[in-house]
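Below: the structure, in structure tokens.
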There are 2 protein chains.
Amino acid sequence: MHDLDIAEVARQSGVPASTLRFYEDKGLIASHGRHGLRRQYPASVLDRLSLIALGRAAGFALDEISLMFATDGRPQIDRKMLATRADELDLTIRRMVAMRNGLRHAAKCPAPNHSECPTFQRLLRAAASGRLGARGEKAGTPTARPTRDRKKSG
Amino acid sequence: MHDLDIAEVARQSGVPASTLRFYEDKGLIASHGRHGLRRQYPASVLDRLSLIALGRAAGFALDEISLMFATDGRPQIDRKMLATRADELDLTIRRMVAMRNGLRHAAKCPAPNHSECPTFQRLLRAAASGRLGARGEKAGTPTARPTRDRKKSG
DNA sequence: CTGCGACTTCAAGTCAACTTGAAGTCAAGC
DNA sequence: GCTTGACTTCAAGTTGACTTGAAGTCGCAG
């Protein structure tokens with residue numbers, strides 16, 4: 001297992017070097033030494049980055065993800081935590097399905113404007129009551145920002 | 001239609017006064033005058049707040065929501081935008097379902113650790129490739145912060 | 001041995017949607 | 001008419017996950 005230069009890791013993983021440094025500061029990944037100033041990572045860092053990506057996709061915060069790697073090294077992920085997250089996702093999915101259906105209805109609703117559409121009104125009341133959870137409690141996909149550009153080398 | 005004091009709007013809608021001011025600054029709602037310093041809102045502001053909550057729940061940004069209220073007043077929501085959003089939600093839902101299934105499997109997977117579970121490995125590769133969209137492109141539920149307390153008046 | 005360019009550090013900026021804090025104002029009750 | 005307390009404004013802070021910028025360092029080609 002030869003070590004990889006940070007630039008190499010960035011290229012192979014598609015994760016920007018700045019992010020790799022950020023992750024290292026956070027303790028999510030570890031470099032194995034330096035060549036001059038340049039961080040050298042063990043090849044296993046690529047697996048680790050995949051796991052981090054998976055955790056992020058599942059909606060875990062970086063801090064939570066760092067807990068999944070026990071202090072020593074390998075994952076040992078708490079199965080209960082996974083199940084809990086699955087349940088949360090389930091709830092979010094149900095909300096999103098309701099919302100999607102509502103939107104689709106509203107999009108093709110024959111009523112002249114939405115204030116006369118009972119389906120829309122129902123949705124409206126649900127939103128006002130918080131049942132649709134405008135501000136996620138922890139549930140949804142993470143952050144969801146309006147799209148910075150994301151280059152993927154390759 | 002008698003006007004409502006900001007405190008009254010806050011009480012009836014459950015939206016904090018600070019948020020109401022913030023929304024007014026943003027142009028999402030409008031006060032009708034003042035009693036002393038206190039903003040007076042028309043009763044219709046409550047409907048408006050519901051609509052805002054709905055928009056937020058559907059994943060629209062405040063700026064997008066403000067576009068839904070034409071300069072004059074009433075909604076006139078672009079149906080095409082709703083359909084587009086529904087499609088985006090659909091994609092997100094599919095990703096989340098995949099993720100939920102993966103998590104559930106991993107939670108009860110008999111393999112001694114996850115590095116030996118093929119289902120987990122498949123999920124891992126999907127995440128690494130970005131197919132699961134760790135950083136939402138716009139899709140998911142909004143912000144999803146780790147839960148500030150949220151009081152809901154009666 | 002010099003120049004270059006890719007790395008380094010560290011602080012600060014970004015984004016969205018609010019919240020918080022300090023300092024001020026005003027209507028109403030006593 | 002003075003206190004009270006709920007409002008007001010405006011600026012700055014918060015959170016999470018990064019990115020950006022300035023200034024510095026280092027290995028290597030020439």
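Each chain in the structure tokens gets a letter, A, B and so on, in the order shown; residues start at 1 in every chain, and ligands are counted from 1 in the order they appear.
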Legend entry - chain D residues near chain B (12 Å cut-off, only C-alpha atoms (C1' of nucleotides)) as a list of chain:residue names: D:DA6, D:DC7, D:DT8, D:DT9, D:DT14, D:DT15, D:DG16, D:DA17, D:DC18
Keeping N, CA and C atoms (P, O5', C5', C4', C3', O3' and C1' of nucleotides), export the residues of the selection given above as a short mmCIF file (atom, residue, chain, number, x, y, z; two decimals), in the first residue's frame.
```cif
data_model
loop_
_atom_site.label_atom_id
_atom_site.label_comp_id
_atom_site.auth_asym_id
_atom_site.auth_seq_id
_atom_site.Cartn_x
_atom_site.Cartn_y
_atom_site.Cartn_z
P DA D 6 -43.83 42.31 28.32
"O5'" DA D 6 -44.62 42.25 26.94
"C5'" DA D 6 -45.73 43.13 26.72
"C4'" DA D 6 -45.49 43.96 25.47
"C3'" DA D 6 -44.82 43.18 24.34
"O3'" DA D 6 -45.55 43.37 23.12
"C1'" DA D 6 -43.71 45.22 24.71
P DC D 7 -45.31 42.41 21.89
"O5'" DC D 7 -44.27 43.24 20.97
"C5'" DC D 7 -44.74 43.98 19.91
"C4'" DC D 7 -44.11 45.36 19.92
"C3'" DC D 7 -43.06 45.60 18.84
"O3'" DC D 7 -43.69 45.90 17.60
"C1'" DC D 7 -42.50 46.70 20.88
P DT D 8 -42.86 45.71 16.29
"O5'" DT D 8 -41.69 46.80 16.40
"C5'" DT D 8 -41.97 48.16 16.04
"C4'" DT D 8 -40.73 49.00 16.20
"C3'" DT D 8 -39.56 48.57 15.34
"O3'" DT D 8 -39.68 49.10 14.04
"C1'" DT D 8 -38.85 49.15 17.55
P DT D 9 -38.87 48.45 12.87
"O5'" DT D 9 -37.40 49.03 13.10
"C5'" DT D 9 -37.21 50.44 13.23
"C4'" DT D 9 -35.74 50.73 13.51
"C3'" DT D 9 -34.81 50.10 12.48
"O3'" DT D 9 -33.87 51.07 12.04
"C1'" DT D 9 -34.21 49.38 14.67
P DT D 14 -21.86 33.60 18.01
"O5'" DT D 14 -22.91 32.69 17.24
"C5'" DT D 14 -24.25 32.65 17.68
"C4'" DT D 14 -24.99 31.55 16.93
"C3'" DT D 14 -24.11 30.37 16.51
"O3'" DT D 14 -24.73 29.18 16.97
"C1'" DT D 14 -25.35 31.22 14.66
P DT D 15 -23.86 27.87 17.24
"O5'" DT D 15 -24.30 26.94 16.05
"C5'" DT D 15 -25.66 26.86 15.66
"C4'" DT D 15 -25.75 26.13 14.34
"C3'" DT D 15 -24.55 25.24 14.04
"O3'" DT D 15 -25.01 23.95 13.72
"C1'" DT D 15 -24.96 26.70 12.22
P DG D 16 -24.01 22.70 13.87
"O5'" DG D 16 -23.71 22.43 12.34
"C5'" DG D 16 -24.80 22.26 11.44
"C4'" DG D 16 -24.28 22.00 10.05
"C3'" DG D 16 -22.97 21.20 9.98
"O3'" DG D 16 -23.11 20.28 8.91
"C1'" DG D 16 -22.69 23.31 8.94
P DA D 17 -22.08 19.15 8.69
"O5'" DA D 17 -21.34 19.71 7.39
"C5'" DA D 17 -22.11 19.94 6.22
"C4'" DA D 17 -21.27 20.69 5.21
"C3'" DA D 17 -19.85 20.14 5.00
"O3'" DA D 17 -19.52 20.19 3.61
"C1'" DA D 17 -19.76 22.39 5.48
P DC D 18 -18.69 19.02 2.96
"O5'" DC D 18 -17.22 19.52 2.79
"C5'" DC D 18 -16.77 20.74 3.38
"C4'" DC D 18 -17.15 21.92 2.53
"C3'" DC D 18 -16.03 22.45 1.66
"O3'" DC D 18 -16.39 22.54 0.29
"C1'" DC D 18 -16.92 24.17 3.08
#
```
Inset, instruction - Using backbone DSSP assignments, extract all strand (DSSP E or B) residues from chain A; output them as a PyMOL selection string. - result: chain A and resi 4-5+33-35+38-41+143
Writer output for current selection, N, CA and C atoms, as a JSON list (two decimals), in the first residue's frame:
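Saved file result.json follows:
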```
[["chain", "number", "residue", "atom", "x", "y", "z"],
["A", 4, "LEU", "N", -0.50, 8.07, -0.87],
["A", 4, "LEU", "CA", -0.96, 8.93, -1.95],
["A", 4, "LEU", "C", -0.78, 10.39, -1.55],
["A", 5, "ASP", "N", -0.30, 11.16, -2.46],
["A", 5, "ASP", "CA", -0.20, 12.59, -2.32],
["A", 5, "ASP", "C", -1.62, 13.18, -2.24],
["A", 33, "GLY", "N", 1.94, 11.22, 6.96],
["A", 33, "GLY", "CA", 3.24, 11.86, 7.03],
["A", 33, "GLY", "C", 3.28, 12.95, 5.97],
["A", 34, "ARG", "N", 4.45, 13.45, 5.72],
["A", 34, "ARG", "CA", 4.56, 14.51, 4.73],
["A", 34, "ARG", "C", 5.72, 14.21, 3.80],
["A", 35, "HIS", "N", 5.55, 14.69, 2.60],
["A", 35, "HIS", "CA", 6.70, 14.72, 1.70],
["A", 35, "HIS", "C", 6.95, 16.19, 1.48],
["A", 38, "ARG", "N", 3.82, 18.37, 1.76],
["A", 38, "ARG", "CA", 2.64, 17.70, 1.23],
["A", 38, "ARG", "C", 2.20, 16.50, 2.03],
["A", 39, "ARG", "N", 0.93, 16.51, 2.35],
["A", 39, "ARG", "CA", 0.36, 15.38, 3.09],
["A", 39, "ARG", "C", 0.39, 14.12, 2.24],
["A", 40, "GLN", "N", 0.70, 13.03, 2.89],
["A", 40, "GLN", "CA", 0.64, 11.73, 2.24],
["A", 40, "GLN", "C", -0.45, 10.93, 2.94],
["A", 41, "TYR", "N", -1.33, 10.38, 2.16],
["A", 41, "TYR", "CA", -2.41, 9.58, 2.74],
["A", 41, "TYR", "C", -2.22, 8.11, 2.39],
["A", 143, "THR", "N", -28.19, 19.75, 4.19],
["A", 143, "THR", "CA", -28.02, 21.11, 3.67],
["A", 143, "THR", "C", -28.80, 21.52, 2.42]]
```
Inset, instruction - Name all residues at most 10 Å from Gly130 in chain B (count only C-alpha atoms (C1' of nucleotides); drop same-chain ones fewer than 2 positions away) and give them as a list in words. - result: Gly14, Ser50, Ala53, Leu54, Ala57 and Lys152 of chain A; Leu124, Arg125, Ala126, Ala127, Ala128, Leu132, Gly133, Ala134 and Arg135 of chain B
With C-alpha atoms retained, could you export that selection as a PDB file, in the first residue's frame?
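Below you can see again.pdb, which holds the result:
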```pdb
ATOM      1  CA  GLY A  14     -13.165  13.886  -6.679  1.00  0.00           C
ATOM      2  CA  SER A  50     -16.552   6.720   0.406  1.00  0.00           C
ATOM      3  CA  ALA A  53     -19.867  10.318   1.395  1.00  0.00           C
ATOM      4  CA  LEU A  54     -22.299   7.595   2.319  1.00  0.00           C
ATOM      5  CA  ALA A  57     -25.876  11.053   1.768  1.00  0.00           C
ATOM      6  CA  LYS A 152     -15.846  15.915 -10.865  1.00  0.00           C
TER       7      LYS A 152
ATOM      8  CA  LEU B 124     -20.790   2.670  -0.532  1.00  0.00           C
ATOM      9  CA  ARG B 125     -19.866   2.727  -4.181  1.00  0.00           C
ATOM     10  CA  ALA B 126     -23.049   4.553  -5.045  1.00  0.00           C
ATOM     11  CA  ALA B 127     -22.286   7.210  -2.468  1.00  0.00           C
ATOM     12  CA  ALA B 128     -18.683   7.574  -3.607  1.00  0.00           C
ATOM     13  CA  LEU B 132     -26.839   9.339  -3.930  1.00  0.00           C
ATOM     14  CA  GLY B 133     -26.181  13.030  -3.955  1.00  0.00           C
ATOM     15  CA  ALA B 134     -24.587  13.765  -0.613  1.00  0.00           C
ATOM     16  CA  ARG B 135     -24.689  17.468  -1.216  1.00  0.00           C
TER      17      ARG B 135
END
```
Inset, instruction - Check the DSSP output for the backbone and give back, as a PyMOL selection string, the residues of range 62-139 of chain A in alpha helix (DSSP H). - result: chain A and resi 62-68+79-108+118-128
Save the residues we just selected, C-alpha atoms, as a PDB file, in the first residue's frame?
```
ATOM      1  CA  LEU A  62     -19.757  15.199   9.902  1.00  0.00           C
ATOM      2  CA  ASP A  63     -19.495  15.088  13.670  1.00  0.00           C
ATOM      3  CA  GLU A  64     -21.756  12.064  13.786  1.00  0.00           C
ATOM      4  CA  ILE A  65     -19.783  10.401  11.051  1.00  0.00           C
ATOM      5  CA  SER A  66     -16.567  10.915  12.948  1.00  0.00           C
ATOM      6  CA  LEU A  67     -18.096   9.004  15.834  1.00  0.00           C
ATOM      7  CA  MET A  68     -18.682   6.046  13.542  1.00  0.00           C
ATOM      8  CA  ARG A  79     -26.619  -0.636  13.981  1.00  0.00           C
ATOM      9  CA  LYS A  80     -29.171   0.983  16.201  1.00  0.00           C
ATOM     10  CA  MET A  81     -28.165   4.355  14.878  1.00  0.00           C
ATOM     11  CA  LEU A  82     -28.638   3.131  11.334  1.00  0.00           C
ATOM     12  CA  ALA A  83     -32.108   1.857  12.132  1.00  0.00           C
ATOM     13  CA  THR A  84     -33.009   5.126  13.796  1.00  0.00           C
ATOM     14  CA  ARG A  85     -31.843   7.043  10.786  1.00  0.00           C
ATOM     15  CA  ALA A  86     -33.825   4.728   8.524  1.00  0.00           C
ATOM     16  CA  ASP A  87     -36.939   5.490  10.549  1.00  0.00           C
ATOM     17  CA  GLU A  88     -36.311   9.203  10.300  1.00  0.00           C
ATOM     18  CA  LEU A  89     -35.839   8.875   6.586  1.00  0.00           C
ATOM     19  CA  ASP A  90     -39.095   6.981   6.397  1.00  0.00           C
ATOM     20  CA  LEU A  91     -40.946   9.845   7.986  1.00  0.00           C
ATOM     21  CA  THR A  92     -39.300  12.341   5.706  1.00  0.00           C
ATOM     22  CA  ILE A  93     -40.099  10.224   2.699  1.00  0.00           C
ATOM     23  CA  ARG A  94     -43.756  10.110   3.637  1.00  0.00           C
ATOM     24  CA  ARG A  95     -43.835  13.869   3.980  1.00  0.00           C
ATOM     25  CA  MET A  96     -42.113  14.308   0.691  1.00  0.00           C
ATOM     26  CA  VAL A  97     -44.473  11.939  -1.059  1.00  0.00           C
ATOM     27  CA  ALA A  98     -47.414  13.884   0.297  1.00  0.00           C
ATOM     28  CA  MET A  99     -45.817  17.092  -0.854  1.00  0.00           C
ATOM     29  CA  ARG A 100     -45.000  15.730  -4.272  1.00  0.00           C
ATOM     30  CA  ASN A 101     -48.536  14.499  -4.754  1.00  0.00           C
ATOM     31  CA  GLY A 102     -49.879  17.832  -3.626  1.00  0.00           C
ATOM     32  CA  LEU A 103     -47.622  19.707  -5.979  1.00  0.00           C
ATOM     33  CA  ARG A 104     -48.543  17.496  -8.890  1.00  0.00           C
ATOM     34  CA  HIS A 105     -52.193  18.003  -8.174  1.00  0.00           C
ATOM     35  CA  ALA A 106     -51.773  21.734  -7.869  1.00  0.00           C
ATOM     36  CA  ALA A 107     -49.823  21.799 -11.107  1.00  0.00           C
ATOM     37  CA  LYS A 108     -52.698  20.360 -13.072  1.00  0.00           C
ATOM     38  CA  PRO A 118     -59.653  22.047  -1.965  1.00  0.00           C
ATOM     39  CA  THR A 119     -56.601  19.835  -2.347  1.00  0.00           C
ATOM     40  CA  PHE A 120     -54.374  22.853  -2.309  1.00  0.00           C
ATOM     41  CA  GLN A 121     -56.185  24.206   0.709  1.00  0.00           C
ATOM     42  CA  ARG A 122     -55.684  20.964   2.545  1.00  0.00           C
ATOM     43  CA  LEU A 123     -51.988  21.053   1.793  1.00  0.00           C
ATOM     44  CA  LEU A 124     -51.889  24.635   2.929  1.00  0.00           C
ATOM     45  CA  ARG A 125     -53.414  23.802   6.271  1.00  0.00           C
ATOM     46  CA  ALA A 126     -51.038  20.917   6.733  1.00  0.00           C
ATOM     47  CA  ALA A 127     -48.084  23.198   6.087  1.00  0.00           C
ATOM     48  CA  ALA A 128     -49.374  25.884   8.410  1.00  0.00           C
TER      49      ALA A 128
END
```
Inset, instruction - Using only C-alpha atoms (C1' of nucleotides), determine which residues of chain C fall within 10 Å of chain B; present them as a ChimeraX atom specification. - result: /C:16-20,25-27
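The interatomic distance for the pair C1' of DT20 in chain D and CA of Ser44 in chain A works out to 28.8 Å.
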